[in-house]
Structures are given as C-alpha cells and as structure tokens.
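What follows is the content of structure.pdb, which has PDB, C-alpha atoms:
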```pdb
ATOM      1  CA  MET A   1      47.289 267.604 -34.766
ATOM      2  CA  THR A   2      46.770 269.549 -37.994
ATOM      3  CA  ASP A   3      44.043 272.124 -38.473
ATOM      4  CA  LEU A   4      42.262 269.649 -40.755
ATOM      5  CA  GLU A   5      42.269 266.954 -38.061
ATOM      6  CA  GLN A   6      40.716 269.461 -35.666
ATOM      7  CA  TYR A   7      38.003 270.587 -38.110
ATOM      8  CA  ALA A   8      34.388 269.774 -37.335
ATOM      9  CA  PRO A   9      31.461 271.641 -38.882
ATOM     10  CA  GLY A  10      29.108 273.546 -36.626
ATOM     11  CA  PRO A  11      25.375 272.900 -36.546
ATOM     12  CA  ALA A  12      23.302 273.225 -39.694
ATOM     13  CA  ASN A  13      22.183 276.827 -40.076
ATOM     14  CA  GLY A  14      21.934 279.671 -42.558
ATOM     15  CA  ALA A  15      20.021 277.629 -45.138
ATOM     16  CA  GLN A  16      16.528 277.778 -46.529
ATOM     17  CA  ILE A  17      14.674 276.390 -49.501
ATOM     18  CA  ARG A  18      12.205 277.932 -51.911
ATOM     19  CA  LYS A  19       9.761 275.690 -53.707
ATOM     20  CA  ASP A  20       8.138 276.582 -56.994
ATOM     21  CA  GLY A  21       6.393 273.418 -58.125
ATOM     22  CA  GLU A  22       9.088 270.938 -59.101
ATOM     23  CA  LYS A  23      11.783 273.635 -59.048
ATOM     24  CA  TRP A  24      13.552 273.877 -55.689
ATOM     25  CA  THR A  25      16.179 276.463 -54.803
ATOM     26  CA  LEU A  26      18.702 276.133 -52.007
ATOM     27  CA  ILE A  27      19.696 279.428 -50.399
ATOM     28  CA  LEU A  28      22.753 279.426 -48.140
ATOM     29  CA  VAL A  29      23.915 282.485 -46.222
ATOM     30  CA  ARG A  30      27.242 282.858 -44.459
ATOM     31  CA  GLU A  31      28.592 285.936 -42.727
ATOM     32  CA  LEU A  32      32.335 286.203 -43.286
ATOM     33  CA  ARG A  33      34.685 288.559 -41.490
ATOM     34  CA  HIS A  34      36.518 289.348 -44.708
ATOM     35  CA  SER A  35      36.147 292.070 -47.353
ATOM     36  CA  ARG A  36      33.975 291.510 -50.387
ATOM     37  CA  GLU A  37      37.088 291.846 -52.565
ATOM     38  CA  LYS A  38      38.782 288.902 -50.818
ATOM     39  CA  VAL A  39      35.610 286.792 -51.005
ATOM     40  CA  TRP A  40      35.193 287.697 -54.689
ATOM     41  CA  GLN A  41      38.733 286.508 -55.451
ATOM     42  CA  ALA A  42      38.023 283.180 -53.709
ATOM     43  CA  LEU A  43      34.831 282.728 -55.786
ATOM     44  CA  THR A  44      36.416 283.528 -59.158
ATOM     45  CA  ASP A  45      40.148 282.682 -59.115
ATOM     46  CA  PRO A  46      40.877 279.092 -60.266
ATOM     47  CA  ALA A  47      43.792 278.693 -57.817
ATOM     48  CA  GLN A  48      41.587 279.646 -54.868
ATOM     49  CA  LEU A  49      38.638 277.545 -56.096
ATOM     50  CA  ARG A  50      40.968 274.495 -56.050
ATOM     51  CA  GLU A  51      41.359 275.052 -52.302
ATOM     52  CA  TRP A  52      37.674 274.942 -51.305
ATOM     53  CA  ALA A  53      35.115 274.379 -54.108
ATOM     54  CA  PRO A  54      33.675 271.009 -55.214
ATOM     55  CA  PHE A  55      34.985 271.663 -58.726
ATOM     56  CA  ASP A  56      38.092 272.836 -60.550
ATOM     57  CA  ALA A  57      37.803 275.698 -63.030
ATOM     58  CA  ASP A  58      40.095 276.021 -66.051
ATOM     59  CA  GLY A  59      39.700 279.809 -66.088
ATOM     60  CA  ASN A  60      38.635 282.816 -64.048
ATOM     61  CA  LEU A  61      34.900 283.221 -63.396
ATOM     62  CA  GLY A  62      35.126 286.983 -62.850
ATOM     63  CA  THR A  63      34.067 288.254 -66.315
ATOM     64  CA  THR A  64      30.570 288.262 -67.813
ATOM     65  CA  GLY A  65      30.391 286.106 -70.946
ATOM     66  CA  THR A  66      33.432 283.972 -70.112
ATOM     67  CA  LYS A  67      33.179 280.234 -70.749
ATOM     68  CA  VAL A  68      34.985 278.021 -68.257
ATOM     69  CA  LYS A  69      35.182 274.242 -67.872
ATOM     70  CA  LEU A  70      34.182 273.100 -64.373
ATOM     71  CA  THR A  71      35.257 269.604 -63.360
ATOM     72  CA  THR A  72      33.998 267.850 -60.248
ATOM     73  CA  VAL A  73      36.718 266.514 -57.975
ATOM     74  CA  ARG A  74      36.991 263.418 -55.823
ATOM     75  CA  THR A  75      34.007 261.786 -57.475
ATOM     76  CA  PRO A  76      34.037 258.269 -58.918
ATOM     77  CA  VAL A  77      33.755 259.714 -62.428
ATOM     78  CA  PRO A  78      34.710 263.374 -62.955
ATOM     79  CA  ASN A  79      31.864 265.404 -64.433
ATOM     80  CA  VAL A  80      33.067 268.099 -66.826
ATOM     81  CA  SER A  81      30.667 270.839 -67.843
ATOM     82  CA  GLU A  82      31.095 274.099 -69.665
ATOM     83  CA  ALA A  83      29.910 277.025 -67.580
ATOM     84  CA  LYS A  84      29.046 280.412 -68.985
ATOM     85  CA  VAL A  85      29.328 283.371 -66.662
ATOM     86  CA  ALA A  86      25.961 285.097 -67.092
ATOM     87  CA  LEU A  87      26.802 288.027 -64.810
ATOM     88  CA  ALA A  88      29.941 289.157 -63.001
ATOM     89  CA  VAL A  89      29.800 292.485 -61.163
ATOM     90  CA  ALA A  90      32.806 292.609 -58.838
ATOM     91  CA  PRO A  91      32.546 292.394 -55.877
ATOM     92  CA  GLU A  92      28.742 292.205 -55.715
ATOM     93  CA  VAL A  93      27.174 289.405 -57.752
ATOM     94  CA  LEU A  94      28.317 286.383 -59.751
ATOM     95  CA  GLU A  95      26.036 284.141 -61.818
ATOM     96  CA  TYR A  96      26.942 281.085 -63.869
ATOM     97  CA  ASN A  97      25.695 277.609 -64.614
ATOM     98  CA  TRP A  98      27.349 274.462 -63.264
ATOM     99  CA  GLY A  99      25.892 271.719 -65.396
ATOM    100  CA  ASP A 100      22.128 272.054 -64.922
ATOM    101  CA  HIS A 101      22.534 274.071 -61.706
ATOM    102  CA  ASN A 102      22.220 277.847 -61.838
ATOM    103  CA  MET A 103      24.555 279.449 -59.322
ATOM    104  CA  ARG A 104      24.040 282.988 -58.020
ATOM    105  CA  TRP A 105      26.469 284.401 -55.467
ATOM    106  CA  GLU A 106      25.646 287.713 -53.779
ATOM    107  CA  LEU A 107      28.215 289.586 -51.675
ATOM    108  CA  GLU A 108      26.807 292.299 -49.416
ATOM    109  CA  PRO A 109      28.681 294.491 -46.936
ATOM    110  CA  PHE A 110      27.966 293.300 -43.403
ATOM    111  CA  GLY A 111      29.626 294.869 -40.386
ATOM    112  CA  GLY A 112      33.326 294.822 -41.199
ATOM    113  CA  GLY A 113      32.922 291.840 -43.519
ATOM    114  CA  THR A 114      30.686 290.228 -46.112
ATOM    115  CA  ARG A 115      27.343 288.465 -46.122
ATOM    116  CA  LEU A 116      27.723 285.765 -48.785
ATOM    117  CA  THR A 117      24.530 284.275 -50.214
ATOM    118  CA  LEU A 118      24.435 281.344 -52.627
ATOM    119  CA  TRP A 119      21.252 280.625 -54.579
ATOM    120  CA  THR A 120      21.264 277.346 -56.523
ATOM    121  CA  ASN A 121      18.628 275.061 -57.964
ATOM    122  CA  ILE A 122      18.957 271.478 -56.746
ATOM    123  CA  GLY A 123      16.629 268.530 -57.203
ATOM    124  CA  ARG A 124      14.393 267.945 -54.182
ATOM    125  CA  ARG A 125      15.961 264.541 -53.445
ATOM    126  CA  PHE A 126      19.416 266.132 -53.193
ATOM    127  CA  ILE A 127      18.738 269.497 -51.550
ATOM    128  CA  ALA A 128      19.718 268.454 -47.978
ATOM    129  CA  MET A 129      22.832 266.745 -49.388
ATOM    130  CA  GLY A 130      23.713 269.931 -51.255
ATOM    131  CA  ALA A 131      23.207 272.047 -48.129
ATOM    132  CA  ALA A 132      25.526 269.766 -46.132
ATOM    133  CA  GLY A 133      28.201 269.799 -48.835
ATOM    134  CA  TRP A 134      28.117 273.558 -49.338
ATOM    135  CA  HIS A 135      28.160 274.078 -45.538
ATOM    136  CA  ILE A 136      31.518 272.273 -45.368
ATOM    137  CA  CYS A 137      32.788 274.100 -48.476
ATOM    138  CA  PHE A 138      31.881 277.460 -46.880
ATOM    139  CA  ASP A 139      33.796 276.481 -43.717
ATOM    140  CA  VAL A 140      36.864 275.643 -45.820
ATOM    141  CA  LEU A 141      36.401 278.875 -47.823
ATOM    142  CA  GLU A 142      36.315 280.959 -44.653
ATOM    143  CA  ARG A 143      39.560 279.417 -43.383
ATOM    144  CA  LEU A 144      41.246 279.880 -46.756
ATOM    145  CA  ILE A 145      40.400 283.595 -46.823
ATOM    146  CA  ALA A 146      41.576 283.931 -43.205
ATOM    147  CA  GLY A 147      44.992 282.624 -44.278
ATOM    148  CA  GLU A 148      44.499 279.339 -42.389
ATOM    149  CA  PRO A 149      43.792 276.887 -45.233
ATOM    150  CA  ILE A 150      42.844 273.323 -44.283
ATOM    151  CA  GLY A 151      42.430 271.978 -47.822
ATOM    152  CA  ARG A 152      39.382 271.046 -49.845
ATOM    153  CA  ILE A 153      36.888 268.647 -48.213
ATOM    154  CA  VAL A 154      34.547 267.269 -50.885
ATOM    155  CA  GLY A 155      33.123 263.999 -52.156
ATOM    156  CA  PRO A 156      33.501 260.884 -50.014
ATOM    157  CA  GLU A 157      36.114 262.644 -47.850
ATOM    158  CA  ALA A 158      33.346 264.884 -46.425
ATOM    159  CA  MET A 159      31.921 261.766 -44.730
ATOM    160  CA  LYS A 160      34.897 261.884 -42.332
ATOM    161  CA  PHE A 161      33.977 265.416 -41.254
ATOM    162  CA  GLY A 162      30.349 265.321 -40.126
ATOM    163  CA  TRP A 163      28.606 265.418 -43.496
ATOM    164  CA  GLN A 164      26.052 262.767 -42.461
ATOM    165  CA  ARG A 165      25.079 264.748 -39.337
ATOM    166  CA  LEU A 166      24.701 267.951 -41.361
ATOM    167  CA  HIS A 167      22.674 266.106 -43.993
ATOM    168  CA  ALA A 168      20.255 264.829 -41.342
ATOM    169  CA  GLU A 169      20.025 268.259 -39.653
ATOM    170  CA  TYR A 170      19.266 270.053 -42.920
ATOM    171  CA  ALA A 171      16.712 267.405 -43.925
ATOM    172  CA  LYS A 172      14.938 267.958 -40.601
ATOM    173  CA  GLN A 173      15.066 271.770 -41.000
ATOM    174  CA  PHE A 174      13.608 271.470 -44.502
ATOM    175  CA  GLY A 175      10.789 269.192 -43.273
ATOM    176  CA  MET A 176      12.064 266.220 -45.231
ATOM    177  CA  GLU A 177      12.416 262.613 -44.183
ATOM    178  CA  THR A 178      15.652 262.086 -42.296
ATOM    179  CA  PRO A 179      17.928 260.331 -44.757
ATOM    180  CA  ASP A 180      19.522 256.960 -44.226
ATOM    181  CA  TRP A 181      22.894 257.804 -45.712
ATOM    182  CA  PRO A 182      24.885 255.896 -46.455
ATOM    183  CA  PRO A 183      22.208 253.205 -46.837
ATOM    184  CA  GLN A 184      22.550 250.518 -44.219
ATOM    185  CA  ALA A 185      22.552 246.871 -45.319
ATOM    186  CA  ALA A 186      19.297 245.074 -44.604
ATOM    187  CA  GLN A 187      19.391 243.341 -41.240
ATOM    188  CA  LYS A 188      19.429 239.554 -41.330
ATOM    189  CA  SER A 189      16.634 237.766 -39.502
TER     190      SER A 189
END
```

Show this structure as structure tokens.
Amino acid sequence: MTDLEQYAPGPANGAQIRKDGEKWTLILVRELRHSREKVWQALTDPAQLREWAPFDADGNLGTTGTKVKLTTVRTPVPNVSEAKVALAVAPEVLEYNWGDHNMRWELEPFGGGTRLTLWTNIGRRFIAMGAAGWHICFDVLERLIAGEPIGRIVGPEAMKFGWQRLHAEYAKQFGMETPDWPPQAAQKS
C-alpha cells in the first residue's frame, strides 16, 4: 500500500469563521513541526505548490508586488486568475489575492516548529467546503515538508479521501445546515 492509499484526514479542527455582515472569513490554523523557512518555501515556490495547493503558480509568490498567474487544477474548467502579492515578509506573512479571495498566511514560531494560519474570505455557502478542502491540502503540505510527499489531493479526487465527512463536520462546527453533498437523486415513490 502506498502512503496515499493509507491517507485519511483526521477530524475537523483548527478552523473558525468570522462574520461581518455578508463578508465571511475562514481562519484555519495548523501547527507544523517544521521551521518557518521550510513552510515559507512550500507556500511560495511554484514547484512545491504543485505538490499540495489547489492551484498552480507560474512564478514565485515570495516577493511583494509580484504578479503571478494562479490556475486551478483538477476542475472541470481551469480557472486562471492573476494574483498580485500584496505583502511578502519572509518567513512571517504572505498576502495575495486568488481571484476574488484574499489570502493571508501567517507563520509564527511555535515550539520547535511553526503555527500556520490562513485567513481567506469565502462566500457563506462555500465556507465549510473551503475548510474541508484546505484541511486536506494542509495534511498534504505537512507530509511534503516532512519529506514524505503523497501528492496533491484536490478537486473531485478529494471525495475519495474523506472530504464529505470533513465538510459535514465543519458545517456542524460553524452552526450551518449539514450539507447533502454530493446531492442525492430524489427518491422514487
């Protein structure tokens, strides 16, 4: 069995939401046992992003003012958007836009490793989905940095790895209706 075949995400945790009227922000926190420098490289280097992130980048995200094309992967129609790095202070904070989502990554020293926090605005209807997807991406990121890569798990492929369970758990934690995903066909009478 490969490491990927053995992968299963743990329970939904480390996420919260902030509501400001119609604007909702997803905040995900993960404690990694790796240095901030290693985590920073995984967040900014296009080759490493291809191993764990839900998008490909055509350039490095590590410099303030840089413009980079981000392309979604394993989606029915790839979405290409130009991101501008608003702030890059290695290895502490990284801010850029991904389409209409503002992304803020904070890297804080924690024990012998790093506390990684992602702040991103996501529409209310999609916030539990986003939490589930990023949860799996963070798991893959952690294994990549540990030198035990299992390969990117995004898009429909995430369904094979517990995404639906995570989606339901996050929806419950956020006080939202438990989703019916994927939608079940109407029962015949």

Run through the PyMOL selection byres ((chain A and resi 57-64) around 8) on the given coordinates and return the selected residues as a list in words.
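Written out, the selection comes to Leu43, Thr44, Asp45, Pro46, Leu49, Arg50, Phe55, Asp56, Gly65, Thr66, Val68, Lys69, Leu70, Thr71, Val85, Ala86, Leu87, Ala88, Val89, Ala90 and Leu94 of chain A.
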
Output file for the residues above (C-alpha atoms, as a compact mmCIF listing (two decimals), in the coordinates of the input):
```txt
# COMPACT_ATOMS: atom_id res chain seq x y z
CA LEU A 43 34.83 282.73 -55.79
CA THR A 44 36.42 283.53 -59.16
CA ASP A 45 40.15 282.68 -59.12
CA PRO A 46 40.88 279.09 -60.27
CA LEU A 49 38.64 277.54 -56.10
CA ARG A 50 40.97 274.50 -56.05
CA PHE A 55 34.98 271.66 -58.73
CA ASP A 56 38.09 272.84 -60.55
CA GLY A 65 30.39 286.11 -70.95
CA THR A 66 33.43 283.97 -70.11
CA VAL A 68 34.98 278.02 -68.26
CA LYS A 69 35.18 274.24 -67.87
CA LEU A 70 34.18 273.10 -64.37
CA THR A 71 35.26 269.60 -63.36
CA VAL A 85 29.33 283.37 -66.66
CA ALA A 86 25.96 285.10 -67.09
CA LEU A 87 26.80 288.03 -64.81
CA ALA A 88 29.94 289.16 -63.00
CA VAL A 89 29.80 292.48 -61.16
CA ALA A 90 32.81 292.61 -58.84
CA LEU A 94 28.32 286.38 -59.75
```

Considering all atoms listed in the file, return as a ChimeraX atom specification whatever protein or nucleic-acid residues lie within 10 Å of Glu169 of chain A, sequence-local ones (same chain, fewer than 6 positions apart) excluded.
/A:11-13,128,131-132,163,175-176,178-179

Using the chain letters and numbers from this file, what does the PyMOL selection byres ((chain A and resi 91) around 8) select? Give the answer as a list in words.
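Taken over the shown coordinates, the PyMOL selection byres ((chain A and resi 91) around 8) returns Arg36, Glu37, Trp40, Val89, Ala90, Glu92, Val93 and Leu107 of chain A.
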
If you measure from atom CA of Ile122 of chain A to atom CA of Glu31 of chain A, what distance in Å do you get, rounded to one decimal?
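Going from atom CA of Ile122 of chain A over to atom CA of Glu31 of chain A covers 22.3 Å.
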
Could you tell me which of A:Leu118, A:Val80, A:Val73, A:Ala15 comes closest to Glu51 of chain A if we count only C-alpha atoms?
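Ranked by minimum distance to Glu51 of chain A, first place goes to A:Val73.
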
Which of these residues is nearest to Pro9 of chain A, using all atoms listed in the file: A:Glu106, A:Glu148, A:Asp139, A:Asp100?
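Between A:Glu106, A:Glu148, A:Asp139, A:Asp100, the residue approaching Pro9 of chain A most closely is A:Asp139.
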
Taking only C-alpha atoms into account, which of A:Leu144, A:Trp119, A:Phe126, A:His167 comes nearest Gln41 of chain A?
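Of the candidates, the smallest distance to Gln41 of chain A is held by A:Leu144.
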
What gap, in Å, lies between atom CA of Arg74 of chain A and atom CA of Lys172 of chain A?
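Between these atoms lies a distance of 27.2 Å.
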
For Ile27 of chain A, which residue out of A:Thr114, A:Asn79, A:Gln48, A:Asn102 is the nearest one, using all atoms listed in the file?
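Between A:Thr114, A:Asn79, A:Gln48, A:Asn102, the residue approaching Ile27 of chain A most closely is A:Asn102.
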
Quick one: residues within 12 Å of Arg143 of chain A, all atoms listed in the file, excluding same-chain residues fewer than 5 positions away - as an MDAnalysis selection string?
chainID A and resid 3:4 7 32:34 39 42 48 51:52 136:138 148:152

Mind giving me the straight-line distance from atom CA of Glu82 of chain A to atom CA of Lys67 of chain A in Å, one decimal?
6.6 Å

Identify which of the residues A:Pro76, A:Trp24, A:Glu142, A:Ala83 lies closest to Arg125 of chain A, counting all atoms listed in the file when measuring atom-to-atom distances.
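Of the candidates, the smallest distance to Arg125 of chain A is held by A:Trp24.
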
Point out the residue among A:Gln16, A:Thr72, A:Gln6, A:Ser81 with the least atom-to-atom distance to Tyr170 of chain A, counting all atoms listed in the file.
A:Gln16
